[in-house]
Every structure is written in structure tokens, then in C-alpha cells.
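*Asks:* I have a structure I would like to understand better, so I am pasting it below and will then ask my questions one at a time.
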Amino acid sequence: MGLIPYRNEAYLDWADEKNTAAMQEALGKVGGELGKLYPLVIGGREVETDGGIPSVNPAKPSEVVGTTGSATTEEADLALRTATEVFETWSRTAPEARARVLLRASAIMKRRKFEFLAWEKFEGGKPWAEADAQVAEAIDFLEYYAREMLRLKDGVPIYSVPGEESSYFYRPMGVGVVIAPWNFPTAILMGMSAAAIVAGNTVIMKPSEFTSVIGAKVAEVFAEAGLPDGVLNYLPGYGAEIGDYLVGDPRTRFISFTGSMKTGLGINELAAKRGPEQRWIKRVIAEMGGKDAMVIDESADTDAAAFDIVKSAYGYSGQKCSAASRAIIHAEVYDEVLEKVLLNARRLKIGPPDSADVNIGPVISEPQFAKVTSYIDSGDREGERLLGEDPGDGSDGYFVSPTIFATDEKAKVAREEVFGPVLSVLRARDFDDALRIANDSPYGLTGGVYSRNREHLERARNEFKAGNVYFNRTITGALVGVQPFGGFDLSGTDSKAGGPDYLPLHMLAKTVVERF
Ligand code: NAD
């Protein structure tokens with residue numbers, strides 16, 4: 001197939017009035033569509049359920065964005081049956097044809113970009129630039145995985161002995177259960193689903209209960225792109241109600257999960273049990289949480305470091321698995337960096353994301369608001385709050401202002417994933433001490449070092465325990481194809497989404513040898 005080389009989707013320029021006007025128009029249009037019902041879609045047919053999942057605007061909890069169906073085990077069974085049947089034909093569909101569906105989905109996403117940004121604003125509470133980066137990422141996943149499938153469709157070269165031909169190629173696996181979080185409701189859901197589909201599998205797509213309307217929109221794009229009925233089944237539902245059923249069922253071949261460590265470990269454990277008549281070991285791809293650190297040594301450019309700490313800590317209110325939640329600063333530059341961090345953080349504009357200049361929107365939900373608030377309470381007990389107001393009761397939106405604690409490495413707020421706009425600042429004696437503190441975590445997702453010292457950078461290159469390590473820049477916003485993304489240790493199975501090893505995780509590698 002003659003495609004142009006892969007390149008990342010460009011971000012929108014919000015200084016351009018055409019873009020702000022298009023966004024306002026999309027907000028008006030989508031604003032007029034709030035409150036609708038979105039049934040399940042199984043085998044291309046809409047399926048009504050008794051219960052529903054209401055989804056609210058986190059910046060205005062009284063506003064219902066939409067209500068989706070809520071699957072029970074009955075619908076989950078139907079989805080598994082359908083996906084198992086359809087696998088027989090989809091797995092035999094040419095890889096080129098499967099790739100073309102993704103390319104068409106990408107073209108549709110580009111055409112519907114502002115509409116998606118508007119849904120992100122209403123359902124995810126995303127500031128505009130954050131929403132844009134995320135929709136661009138979804139487009140990148142579609143474009144990248146389409147090309148990856150074309151690269152891998154005939155397998156990869158291996159050696160043969162004289163008189164024989166050895167070949168090594170990939171086969172689709174079966175029915176995949178895709179379980180996504182709410183923080184990148186377009187990109188992660190679409191990326192995980194696209195990879196599974198283009199590899200020839202069928203999918204049961206379960207979005208987060210907090211962003212299931214965007215999940216319906218993602219399903220709509222795949223359908224509009226011509227994906228045959230039943231290849232992707234849209235199954236919104238509460239994780240606690242249908243998660244175990246989907247993961248434990250013997251028809252499930254693999255689970256592609258992104259979310260918290262607790263849920264991921266539970267899935268891994270359940271998936272390991274062989275169900276009745278189950279003929280395979282289920283594969284689990286699980287990408288989970290983080291407690292990501294930025295180390296600033298005594299040689300660092302302190303202006304740049306402070307700017308990037310704030311960007312990495314507070315983008316999307318710190319609700320990124322990659323968000324900087326610990327700044328570990330060499331004692332010699334501690335006061336200077338801290339002062340600059342405070343200065344930058346105070347400049348952030350917080351509020352409902354109604355215009356392009358809002359930097360910090362709400363956190364996603366009432367439970368998340370309560371969780372972040374409780375970490376602020378614990379930070380108050382264990383450290384000194386240098387920035388941040390007391391969160392209110394959340395009735396006017398789940399807003400939490402940028403918060404900074406000077407703490408000790410043992411403090412709960414400095415050890416556990418908060419997933420909110422809360423940064424712990426820690427003082428290190430020297431670079432060794434800083435690296436030790438950074439690595440002293442069960443997680444290992446992202447990390448960063450700010451330094452002009454070559455020796456320090458080379459040590460961190462090898463010794464920083466994280467799947468994604470960044471030097472002298474931000475630690476969030478991994479670009480598809482450029483910064484393959486996945487965590488070490490309890491941050492996940494290191495699947496490296498958006499990288500060259502990702503698609504093979506969704507396939508079975510086969511060796512065939514013929515003697516001539
Ligand atoms: P979560 O674990 O609460 O939920 C994730 C998904 O799992 C949801 O769809 C939920 O319904 C489902 N679920 C819940 N219980 C289940 C069960 N028993 N069986 C099967 N599925 C079940 O996580 P969340 O709050 O939606 O997302 C935030 C978390 O995700 C954070 O920890 C964050 O770090 C992590 N995350 C990681 C990455 C990454 O790439 N490593 C990316 C984004 C988010």
C-alpha cells in the first residue's frame with residue numbers, strides 16, 4: 001500500500017481565531033446534544049438495558065452529558081458469543097483491508113476533531129489544549145497501528161538452514177476484552193481497540209463508567225469507518241458488575257487493560273485461572289498507575305526545570321499516569337527551584353474549560369474529588385502545604401487548585417498515586433540520594449532528570465527505574481511512534497503502546513518450516 005510516511009498529527013494553534021471559532025461552534029452544537037441515551041451496540045445492533053449509567057459534566061455536576069446503557073452479565077455473554085462468531089471471518093480478512101478501516105477512522109476523526117474536543121470538554125472536563133493533544137493521539141494511534149500491521153503482515157525475517165525455508169509470521173488471537181480508564185477517554189480507548197482490531201481480533205470494548213458517552217462516539221467512528229458488525233462491540237458497564245465476568249470467561253483470549261494498579265492486579269490474577277474447557281492461557285496486557293518523579297540536580301537550568309515541573313504536574317489537573325507527582329531537588333538548588341515552581345504554578349488559570357486560556361479544569365468525578373481531598377488532608381498532617389486552597393464541597397464542580405507540599409519521602413502523599421493536582425517536593429542530599437528516592441517506589445512509569453552533567457544523565461539512562469525516562473524536558477504527553485509508552489514493575493506489563501513491540505502482543509507468532 002502506498003501510504004505517506006507516518007507523522008504525528010499537528011496540534012491546533014489556539015492563537016488562530018479560526019480554531020477558537022470552530023471550537024465555540026462545536027461546543028454550541030454538542031451542548032445542544034447533551035442528555036441523550038446511548039444503548040449498547042453488539043453485533044451492529046443496539047441493545048437496550050434496564051439500568052443506565054448517567055455521565056455528568058465534572059465542571060457542572062448538575063449537567064447530565066448523556067446516559068449509556070449498563071451491561072449485565074446477560075449482555076456480556078451476548079457480546080462474547082458475537083465476538084467469538086465474528087472472529088472466524090474477521091481473522092481471515094486481509095491485513096490491508098483491516099488497516100484501511102483504521103485509516104478511514106483516522107480521516108473521520110480529523111473531520112470530526114472539534115466535535116470530539118467538545119465532548120472531551122463536557123464529559124472529561126478537559127482544557128482545550130489537553131483535549132486537542134488527546135484527540136491528536138487517537139489519530140496517531142490509528143495511523144501508526146495501520147502502518148505497523150502493514151509492516152508485520154508477512155512476518156519478520158529469520159534464518160533458514162540449507163534446503164529448508166523457515167518462516168515466522170503472526171496470526172490473530174481471538175476475542176479481546178478492552179478495558180479503559182477515564183483520563184484519556186478517546187485516545188486510550190481508541191488506541192487499545194485499534195491495535196486489537198487491526199491485528200485481526202474481535203473486541204468487547206468497555207469504556208470507563210465516567211466517560212462512556214465518549215466511548216459511544218469512539219464506537220460510532222469505527223462503525224462509520226466500515227468496520228464489520230460485531231468486530232467491535234460497545235459494552236459500557238460498571239467494572240465491578242461485569243469486569244470479573246468478562247475477564248474470567250473461557251471465551252476471552254486476551255485482556256487489554258489500562259487503569260489503576262488495584263484493578264490491573266485483580267484482572268491479572270483472575271485471568272490466570274483456567275475456566276471450564278478453556279484451551280489457552282489468557283494474555284494480559286495491563287498498563288497501570290505511577291508515582292512519577294522529576295530529579296533536578298545542582299547543574300540544572302532552574303528556569304526550564306521549574307517550568308516543566310509545573311507543566312508535568314498540573315496538565316489535566318495531574319490526572320495523567322505520567323504526571324510528575326514528586327519533584328526531587330538537590331539541596332543546593334532546592335530553594336531556587338521551589339521559588340520558581342511556586343511562581344509558575346500561581347500563574348495557572350483554573351476554572352471551567354470554556355475558553356482556550358484555562359489551564360486547569362475540574363477533576364473527573366465526585367469519588368476522585370474526595371480521594372484528592374483526602375490526600376491533601378494527609379499532606380497537611382505529614383508535610384507543609386506551600387500552595388493550594390482547601391477544596392470546597394465540589395457542588396459547583398470538582399475543582400482542586402494546584403497544590404504543593406514540602407514533604408519527606410516517607411509521607412503518604414509522596415508515596416501513593418494521588419491522581420490530582422498535588423505535587424510533593426523533596427530535598428535530596430546529592431544526585432545519588434535523589435536517584436535513590438526516585439527509585440524507591442513500587443511503580444516505574446515515567447521519570448525525568450534535569451541536569452547539565454553528562455555523568456548524571458548517563459547514570460540515569462541506565463539506573464532510573466521507569467519505562468519512560470525524559471531528560472531536560474517534560475515527562476508527560478508521550479507521542480505515538482516517537483515515545484513508546486509503558487511502565488516497569490507495578491506500573492504494568494511494559495507493553496509500550498505506540499511502539500514497534502505493541503501489535504505483536506495482540507497476535508500469536510507462528511514458525512513454519514518446509515524442507516525442499
Ligand atoms: P480503574 O482501575 O478504577 O478503572 C479502569 C477500568 O477498569 C474502568 O473501565 C473500570 O470500569 C474497569 N474495572 C473496574 N473494576 C474492574 C474489574 N473488577 N474487572 C475489570 N474491569 C474493572 O482506573 P481509573 O480510575 O479509570 O483510571 C485511573 C488509573 O489509570 C490511574 O491509576 C492511572 O495511573 C491509570 N492509567 C494508566 C495509564 C498507563 O498507560 N499506564 C494510562 C492512563 C491511566
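Order determines the names: the first chain of the C-alpha cells is A, the second B, and so forth; residues in each chain are numbered 1 upward, and ligands are numbered 1 upward as they are shown.
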What do you get as a ChimeraX atom specification if you pick all residues at most 8 Å from ligand 1, counting only C-alpha atoms and all ligand atoms?
*Replies:* /A:179-184,188,206-210,237-247,257-264,266-267,286-290,319-322,368,417,419,445,485-487,491-492,497
*Asks:* Using DSSP on the backbone coordinates, identify all residues within segment 356-392 of chain A classified as strand (DSSP E or B); present the result as a compact mmCIF listing (two decimals) with N, CA, C and O atoms, in the first residue's frame.
*Replies:*
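Contents of states_28.txt, as written:
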```txt
# COMPACT_ATOMS: atom_id res chain seq x y z
N ILE A 360 -6.36 24.71 34.05
CA ILE A 360 -6.75 23.65 34.97
C ILE A 360 -8.27 23.58 35.07
O ILE A 360 -8.91 24.54 35.51
N GLU A 384 4.29 20.29 54.79
CA GLU A 384 3.88 21.70 54.84
C GLU A 384 3.27 22.07 53.49
O GLU A 384 3.90 21.91 52.44
N ARG A 385 2.01 22.57 53.54
CA ARG A 385 1.37 22.97 52.29
C ARG A 385 1.89 24.34 51.89
O ARG A 385 1.66 25.32 52.58
N LEU A 386 2.57 24.41 50.74
CA LEU A 386 3.16 25.67 50.29
C LEU A 386 2.25 26.39 49.30
O LEU A 386 2.40 27.58 49.07
N LEU A 387 1.34 25.64 48.70
CA LEU A 387 0.42 26.23 47.73
C LEU A 387 -0.86 25.39 47.69
O LEU A 387 -0.80 24.17 47.87
```
*Asks:* Using only C-alpha atoms, pick whichever of A:Ile350, A:Val56, A:Leu117, A:Ala509 has the shortest atom-to-atom distance to Ile364 of chain A.
*Replies:*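 For Ile364 of chain A, the nearest of the candidates is A:Val56.
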*Asks:* So, counting only C-alpha atoms, which residue among A:Leu342, A:Val64, A:Val177, A:Val449 is closest to Arg461 of chain A?
*Replies:*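 Counting only C-alpha atoms, the residue closest to Arg461 of chain A is A:Val449.
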*Asks:* May I have the residues within 7 Å of segment 390-407 of chain A as an MDAnalysis selection string, using only C-alpha atoms and disregarding those fewer than 2 positions away in the same chain?
*Replies:* chainID A and resid 58:61 314 345 350 361:363 365:366 369 373 379 382:388 409 411 421:426
*Asks:* Please provide as a VMD selection string all residues within 7 Å of Ser91 of chain A, with the sequence filter that same-chain residues fewer than 6 positions apart are discarded (counting only C-alpha atoms).
*Replies:* chain A and resid 172 200 to 201
*Asks:* Quick one: write out the picked residues with all heavy atoms as a tab-separated table (two decimals), in the first residue's frame?
*Replies:*
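Final output, selection_10.tsv:
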```
chain	number	residue	atom	x	y	z
A	172	PRO	N	-3.88	-13.75	14.18
A	172	PRO	CA	-4.76	-13.15	15.19
A	172	PRO	C	-4.99	-14.11	16.36
A	172	PRO	O	-4.85	-15.32	16.20
A	172	PRO	CB	-6.06	-12.92	14.42
A	172	PRO	CG	-5.69	-12.96	12.97
A	172	PRO	CD	-4.51	-13.88	12.87
A	200	GLY	N	-6.46	-8.39	13.75
A	200	GLY	CA	-7.36	-9.46	13.31
A	200	GLY	C	-8.22	-10.06	14.41
A	200	GLY	O	-8.86	-11.10	14.22
A	201	ASN	N	-8.25	-9.40	15.57
A	201	ASN	CA	-9.06	-9.90	16.68
A	201	ASN	C	-10.41	-9.20	16.71
A	201	ASN	O	-10.58	-8.14	16.10
A	201	ASN	CB	-8.35	-9.61	18.01
A	201	ASN	CG	-6.95	-10.17	18.01
A	201	ASN	OD1	-6.77	-11.38	17.97
A	201	ASN	ND2	-5.95	-9.29	18.03
```
*Asks:* DSSP on the backbone: which residues in segment 65-137 of chain A end up as alpha helix (DSSP H)? Give the answer as JSON, numbers by chain.
*Replies:* {"A": [73, 74, 75, 76, 77, 78, 79, 80, 81, 82, 83, 84, 85, 86, 87, 88, 89, 90, 95, 96, 97, 98, 99, 100, 101, 102, 103, 104, 105, 106, 107, 108, 109, 110, 111, 113, 114, 115, 116, 117, 118, 119, 128, 129, 130, 131, 132, 133, 134, 135, 136, 137]}
*Asks:* Can you work out the spacing between atom CA of Ile197 of chain A and atom CA of Tyr234 of chain A in Å, to one decimal?
*Replies:*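 Between these atoms lies a distance of 13.4 Å.
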*Asks:* Got a sec: who's within 8 Å of Arg452 of chain A, counting only C-alpha atoms, leaving out chain neighbours fewer than 6 positions off, as a PyMOL selection string?
*Replies:* chain A and resi 299-301
